[in-house]
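Chemist: This is protein-v9.pdb, which holds PDB, C-alpha atoms:
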```
ATOM      1  CA  MET A  69     109.611  43.349 124.375
ATOM      2  CA  THR A  70     112.782  41.646 123.181
ATOM      3  CA  LEU A  71     112.991  39.908 119.850
ATOM      4  CA  ALA A  72     114.875  36.633 120.203
ATOM      5  CA  LEU A  73     116.658  35.513 117.083
ATOM      6  CA  ALA A  74     116.978  31.839 116.294
ATOM      7  CA  PRO A  75     120.526  30.554 116.702
ATOM      8  CA  ARG A  76     122.546  30.618 113.506
ATOM      9  CA  ARG A  77     122.711  27.189 111.913
ATOM     10  CA  THR A  78     125.944  25.993 110.384
ATOM     11  CA  VAL A  79     126.796  24.350 107.101
ATOM     12  CA  LEU A  80     130.159  22.871 106.101
ATOM     13  CA  ALA A  81     131.403  26.156 104.595
ATOM     14  CA  ASP A  82     131.112  27.877 107.969
ATOM     15  CA  PHE A  83     134.176  25.978 109.150
ATOM     16  CA  VAL A  84     136.433  27.737 106.594
ATOM     17  CA  PRO A  85     138.083  30.747 108.282
ATOM     18  CA  GLY A  86     137.629  34.317 107.053
ATOM     19  CA  ALA A  87     134.391  36.079 106.217
ATOM     20  CA  LEU A  88     134.026  38.068 102.999
ATOM     21  CA  ALA A  89     137.086  36.595 101.265
ATOM     22  CA  ARG A  90     135.957  33.104 102.277
ATOM     23  CA  ASP A  91     132.448  33.674 100.989
ATOM     24  CA  LEU A  92     133.657  35.067  97.655
ATOM     25  CA  MET A  93     136.109  32.210  97.217
ATOM     26  CA  LEU A  94     133.474  29.607  98.074
ATOM     27  CA  VAL A  95     130.870  31.112  95.718
ATOM     28  CA  VAL A  96     133.325  31.177  92.814
ATOM     29  CA  ALA A  97     134.626  27.687  93.656
ATOM     30  CA  GLY A  98     131.069  26.317  93.788
ATOM     31  CA  ALA A  99     130.279  27.756  90.362
ATOM     32  CA  ALA A 100     133.568  26.412  88.969
ATOM     33  CA  LEU A 101     132.923  22.952  90.439
ATOM     34  CA  THR A 102     129.511  22.919  88.782
ATOM     35  CA  GLY A 103     131.068  23.976  85.479
ATOM     36  CA  LEU A 104     133.667  21.234  85.765
ATOM     37  CA  ALA A 105     131.003  18.640  86.618
ATOM     38  CA  ALA A 106     128.993  19.751  83.571
ATOM     39  CA  GLN A 107     131.793  18.455  81.373
ATOM     40  CA  VAL A 108     130.928  14.934  82.508
ATOM     41  CA  ALA A 109     128.057  14.529  80.051
ATOM     42  CA  LEU A 110     126.414  11.456  78.611
ATOM     43  CA  PRO A 111     123.965  11.939  75.740
ATOM     44  CA  ILE A 112     120.525  10.439  76.287
ATOM     45  CA  PRO A 113     119.066   8.982  73.082
ATOM     46  CA  GLY A 114     115.939  10.899  72.106
ATOM     47  CA  SER A 115     116.520  13.716  74.591
ATOM     48  CA  PRO A 116     117.988  17.152  73.924
ATOM     49  CA  VAL A 117     119.235  17.157  77.532
ATOM     50  CA  PRO A 118     122.353  15.093  78.434
ATOM     51  CA  LEU A 119     122.966  13.398  81.762
ATOM     52  CA  THR A 120     125.672  15.457  83.485
ATOM     53  CA  GLY A 121     127.430  15.748  86.799
ATOM     54  CA  GLN A 122     126.293  19.327  87.233
ATOM     55  CA  THR A 123     123.096  18.397  89.087
ATOM     56  CA  PHE A 124     125.150  16.539  91.693
ATOM     57  CA  ALA A 125     127.539  19.493  91.962
ATOM     58  CA  ALA A 126     124.733  22.045  92.234
ATOM     59  CA  LEU A 127     123.053  20.143  95.064
ATOM     60  CA  LEU A 128     126.353  19.477  96.816
ATOM     61  CA  VAL A 129     127.308  23.160  96.552
ATOM     62  CA  GLY A 130     123.948  24.213  98.000
ATOM     63  CA  ALA A 131     124.240  21.819 100.927
ATOM     64  CA  SER A 132     127.882  22.664 101.629
ATOM     65  CA  LEU A 133     127.640  26.438 101.301
ATOM     66  CA  GLY A 134     124.194  27.125 102.762
ATOM     67  CA  TRP A 135     121.263  28.799 101.107
ATOM     68  CA  GLN A 136     122.737  32.261 100.470
ATOM     69  CA  ARG A 137     126.162  31.230  99.210
ATOM     70  CA  GLY A 138     124.732  28.179  97.427
ATOM     71  CA  ALA A 139     122.113  30.196  95.533
ATOM     72  CA  THR A 140     124.657  32.938  94.771
ATOM     73  CA  SER A 141     127.132  30.366  93.464
ATOM     74  CA  MET A 142     124.514  28.859  91.152
ATOM     75  CA  LEU A 143     123.421  32.334  90.038
ATOM     76  CA  LEU A 144     127.056  33.105  89.160
ATOM     77  CA  TYR A 145     127.241  29.819  87.225
ATOM     78  CA  LEU A 146     124.053  30.726  85.328
ATOM     79  CA  ILE A 147     124.939  34.347  84.540
ATOM     80  CA  ALA A 148     128.536  33.614  83.542
ATOM     81  CA  GLY A 149     127.450  30.714  81.305
ATOM     82  CA  VAL A 150     124.797  32.799  79.565
ATOM     83  CA  ALA A 151     127.364  35.601  79.171
ATOM     84  CA  GLY A 152     129.809  33.298  77.388
ATOM     85  CA  VAL A 153     131.887  31.335  79.905
ATOM     86  CA  PRO A 154     132.062  27.895  78.242
ATOM     87  CA  TRP A 155     131.204  25.829  81.316
ATOM     88  CA  PHE A 156     127.796  24.423  80.463
ATOM     89  CA  GLN A 157     127.711  20.814  79.223
ATOM     90  CA  GLY A 158     130.204  20.095  76.484
ATOM     91  CA  GLY A 159     131.964  23.436  76.964
ATOM     92  CA  SER A 160     128.942  25.349  75.721
ATOM     93  CA  SER A 161     127.560  28.693  76.826
ATOM     94  CA  GLY A 162     124.675  30.965  75.940
ATOM     95  CA  VAL A 163     121.067  29.820  76.099
ATOM     96  CA  PRO A 164     120.882  26.065  75.484
ATOM     97  CA  VAL A 165     117.549  24.266  75.396
ATOM     98  CA  SER A 166     118.418  22.832  78.821
ATOM     99  CA  LEU A 167     118.997  26.238  80.471
ATOM    100  CA  GLY A 168     115.830  25.879  82.548
ATOM    101  CA  TYR A 169     117.514  23.135  84.547
ATOM    102  CA  VAL A 170     120.408  25.523  85.254
ATOM    103  CA  VAL A 171     117.915  28.183  86.362
ATOM    104  CA  GLY A 172     116.486  25.499  88.642
ATOM    105  CA  PHE A 173     119.952  25.069  90.186
ATOM    106  CA  VAL A 174     119.650  28.550  91.710
ATOM    107  CA  PHE A 175     116.402  27.671  93.495
ATOM    108  CA  ALA A 176     117.591  24.165  94.370
ATOM    109  CA  GLY A 177     120.841  25.570  95.788
ATOM    110  CA  ALA A 178     118.800  27.866  98.024
ATOM    111  CA  LEU A 179     116.405  25.133  99.166
ATOM    112  CA  VAL A 180     119.067  22.475  99.734
ATOM    113  CA  GLY A 181     121.261  25.013 101.523
ATOM    114  CA  TYR A 182     118.374  26.065 103.738
ATOM    115  CA  LEU A 183     117.563  22.455 104.622
ATOM    116  CA  ALA A 184     121.252  21.651 105.220
ATOM    117  CA  GLY A 185     121.426  24.574 107.634
ATOM    118  CA  ARG A 186     118.701  22.851 109.616
ATOM    119  CA  GLY A 187     120.408  19.460 109.651
ATOM    120  CA  GLY A 188     119.145  18.122 106.317
ATOM    121  CA  ASP A 189     122.600  16.831 105.394
ATOM    122  CA  ARG A 190     123.691  15.275 108.690
ATOM    123  CA  THR A 191     122.430  11.727 108.160
ATOM    124  CA  PRO A 192     122.080   9.600 105.027
ATOM    125  CA  LEU A 193     118.279   9.492 105.281
ATOM    126  CA  ARG A 194     117.935  13.256 105.739
ATOM    127  CA  THR A 195     120.372  13.857 102.884
ATOM    128  CA  LEU A 196     118.304  11.600 100.605
ATOM    129  CA  GLY A 197     115.208  13.684 101.335
ATOM    130  CA  THR A 198     117.025  17.003 100.987
ATOM    131  CA  MET A 199     118.586  16.064  97.652
ATOM    132  CA  ALA A 200     115.339  14.584  96.308
ATOM    133  CA  LEU A 201     113.560  17.870  97.051
ATOM    134  CA  GLY A 202     116.376  19.758  95.329
ATOM    135  CA  ASN A 203     116.002  17.560  92.255
ATOM    136  CA  LEU A 204     112.246  18.186  92.199
ATOM    137  CA  VAL A 205     112.912  21.912  92.180
ATOM    138  CA  ILE A 206     115.314  21.524  89.253
ATOM    139  CA  TYR A 207     112.755  19.494  87.303
ATOM    140  CA  SER A 208     109.961  21.942  88.141
ATOM    141  CA  VAL A 209     111.868  24.749  86.420
ATOM    142  CA  GLY A 210     113.631  22.706  83.724
ATOM    143  CA  VAL A 211     110.594  20.929  82.292
ATOM    144  CA  PRO A 212     108.496  24.058  81.624
ATOM    145  CA  TRP A 213     111.568  25.714  80.078
ATOM    146  CA  LEU A 214     112.118  22.672  77.869
ATOM    147  CA  MET A 215     108.466  22.826  76.812
ATOM    148  CA  ALA A 216     108.740  26.532  75.971
ATOM    149  CA  MET A 217     112.000  26.137  74.033
ATOM    150  CA  THR A 218     110.943  23.096  72.010
ATOM    151  CA  GLY A 219     107.165  23.351  71.784
ATOM    152  CA  MET A 220     106.809  19.927  73.423
ATOM    153  CA  GLY A 221     103.728  19.055  75.422
ATOM    154  CA  LEU A 222     103.984  18.093  79.070
ATOM    155  CA  GLY A 223     103.934  14.341  78.419
ATOM    156  CA  LYS A 224     106.735  14.504  75.863
ATOM    157  CA  ALA A 225     108.800  16.901  78.021
ATOM    158  CA  LEU A 226     108.495  14.531  80.990
ATOM    159  CA  ALA A 227     109.409  11.588  78.755
ATOM    160  CA  VAL A 228     112.607  13.222  77.473
ATOM    161  CA  GLY A 229     113.439  15.684  80.264
ATOM    162  CA  VAL A 230     112.743  13.679  83.432
ATOM    163  CA  LEU A 231     112.231   9.942  82.968
ATOM    164  CA  PRO A 232     115.634   9.162  81.382
ATOM    165  CA  PHE A 233     117.368  10.930  84.275
ATOM    166  CA  LEU A 234     115.656   9.348  87.259
ATOM    167  CA  ILE A 235     118.130   6.472  87.694
ATOM    168  CA  GLY A 236     121.174   8.724  87.252
ATOM    169  CA  ASP A 237     119.746  11.294  89.665
ATOM    170  CA  ALA A 238     118.972   8.549  92.184
ATOM    171  CA  LEU A 239     122.615   7.441  91.986
ATOM    172  CA  LYS A 240     123.819  11.022  92.472
ATOM    173  CA  ILE A 241     121.504  11.432  95.460
ATOM    174  CA  ALA A 242     122.812   8.182  96.963
ATOM    175  CA  LEU A 243     126.385   9.411  96.489
ATOM    176  CA  ALA A 244     125.534  12.692  98.219
ATOM    177  CA  ALA A 245     123.914  10.719 101.059
ATOM    178  CA  GLY A 246     127.317   9.129 101.654
ATOM    179  CA  VAL A 247     129.512  12.164 101.052
ATOM    180  CA  LEU A 248     127.781  14.822 103.147
ATOM    181  CA  PRO A 249     127.240  12.875 106.388
ATOM    182  CA  GLY A 250     130.819  11.596 106.005
ATOM    183  CA  ALA A 251     132.085  15.173 105.731
ATOM    184  CA  TRP A 252     130.163  16.094 108.875
ATOM    185  CA  ALA A 253     131.720  13.138 110.688
ATOM    186  CA  LEU A 254     135.184  14.494 109.782
ATOM    187  CA  VAL A 255     134.257  18.002 110.919
ATOM    188  CA  ARG A 256     132.980  16.695 114.267
ATOM    189  CA  ARG A 257     136.270  14.858 114.850
ATOM    190  CA  ARG A 258     138.207  18.098 114.532
TER     191      ARG A 258
END
```
Before anything else, please render the file you have as structure tokens.

Modeler:
Amino acid sequence: MTLALAPRRTVLADFVPGALARDLMLVVAGAALTGLAAQVALPIPGSPVPLTGQTFAALLVGASLGWQRGATSMLLYLIAGVAGVPWFQGGSSGVPVSLGYVVGFVFAGALVGYLAGRGGDRTPLRTLGTMALGNLVIYSVGVPWLMAMTGMGLGKALAVGVLPFLIGDALKIALAAGVLPGAWALVRRR
């Protein structure tokens, strides 16, 4: 009996030449992009969590790099930030009250990367669904962490850790729905 393996699916990063060096460079670059995007931070009145560009970057990195590189990149971002690299929002590091959302980036990067490898980033509609699922994963880890760190109940944590971010996250998802299919259109032309 022969075991047939499913054909390998591609993500945008697979078009960069080289293997190990490429993967290392892409993982580090994805973490650095997320750290840079975290510096775009807008405080939300009444919330200990600011609106940042890092969610957009984390989801974009996952979709572009695939599930393994995307999750590894977000894990590097998490570990380095906790260890002291000042690339969390506002140039911070350590264990901020919002760290649960960063932990969620690891799982979201894996999920979004997995879905992108199966075509979840090829059309605007698919990208909307892929990114929305990634955001749900981030919230599902971030909200319980916020509750544990602050002693908030679920209702309060949702009110300060999810609701104020829905419009901004919807805009980031819409941007990704334009960027990723556009990138695939460029790749197909080459």

Chemist: May I ask which of the residues A:Ala200, A:Ile147, A:Ala178, A:Ala99 is the closest one to Val163 (chain A), counting only C-alpha atoms?

Modeler: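 Closest to Val163 (chain A) of all the choices is A:Ile147.
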
Chemist: Carefully work through the PyMOL selection byres ((chain A and resi 190) around 10) for this structure and note down the residues it includes, as a VMD selection string.

Modeler: chain A and resid 79 184 to 189 191 to 195 245 248 to 253

Chemist: Do you know which residues are at most 10 Å from region 88-92 of chain A counting all atoms listed in the file, after dropping those on the same chain fewer than 6 positions away, and could you put them as a PyMOL selection string?

Modeler: chain A and resi 81-82+98+133+136-137+140-141

Chemist: Figure out the distance between CA of Gly177 (chain A) and CA of Gly202 (chain A), please, to one decimal in Å.

Modeler: 7.3 Å

Chemist: Output the residue selection produced by the PyMOL selection byres ((chain A and resi 213) around 9) on the file above, formatted as a PyMOL selection string.

Modeler: chain A and resi 165-169+209-212+214-218

Chemist: Quick one: apply the PyMOL selection byres ((chain A and resi 159) around 12) to the file and drop the selected residues here as a list in words.

Modeler: Gly103, Leu104, Ala105, Ala106, Gln107, Val108, Ala109, Gly149, Gly152, Val153, Pro154, Trp155, Phe156, Gln157, Gly158, Ser160, Ser161, Gly162 and Pro164 of chain A

Chemist: With distances taken over all atoms listed in the file, which residue among A:Leu254, A:Gly134, A:Pro116, A:Val171 lies nearest Met220 (chain A)?

Modeler: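 Among the listed residues, the smallest separation from Met220 (chain A) belongs to A:Pro116.
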
Chemist: Find the distance between CA of Leu127 (chain A) and CA of Val230 (chain A) and write it in Å to one decimal.

Modeler: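 Atom-to-atom, CA of Leu127 (chain A) to CA of Val230 (chain A), that is 16.8 Å.
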
Chemist: Between A:Leu196, A:Thr120, A:Gly138, A:Leu179, which is the closest to Gly246 (chain A) once you count only C-alpha atoms?

Modeler: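 For Gly246 (chain A), the nearest of the given residues is A:Leu196.
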
Chemist: What's the separation between CA of Ala97 (chain A) and CA of Gly229 (chain A), in Å to one decimal place?

Modeler: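 Computing the Euclidean distance for CA of Ala97 (chain A) and CA of Gly229 (chain A) yields 27.8 Å.
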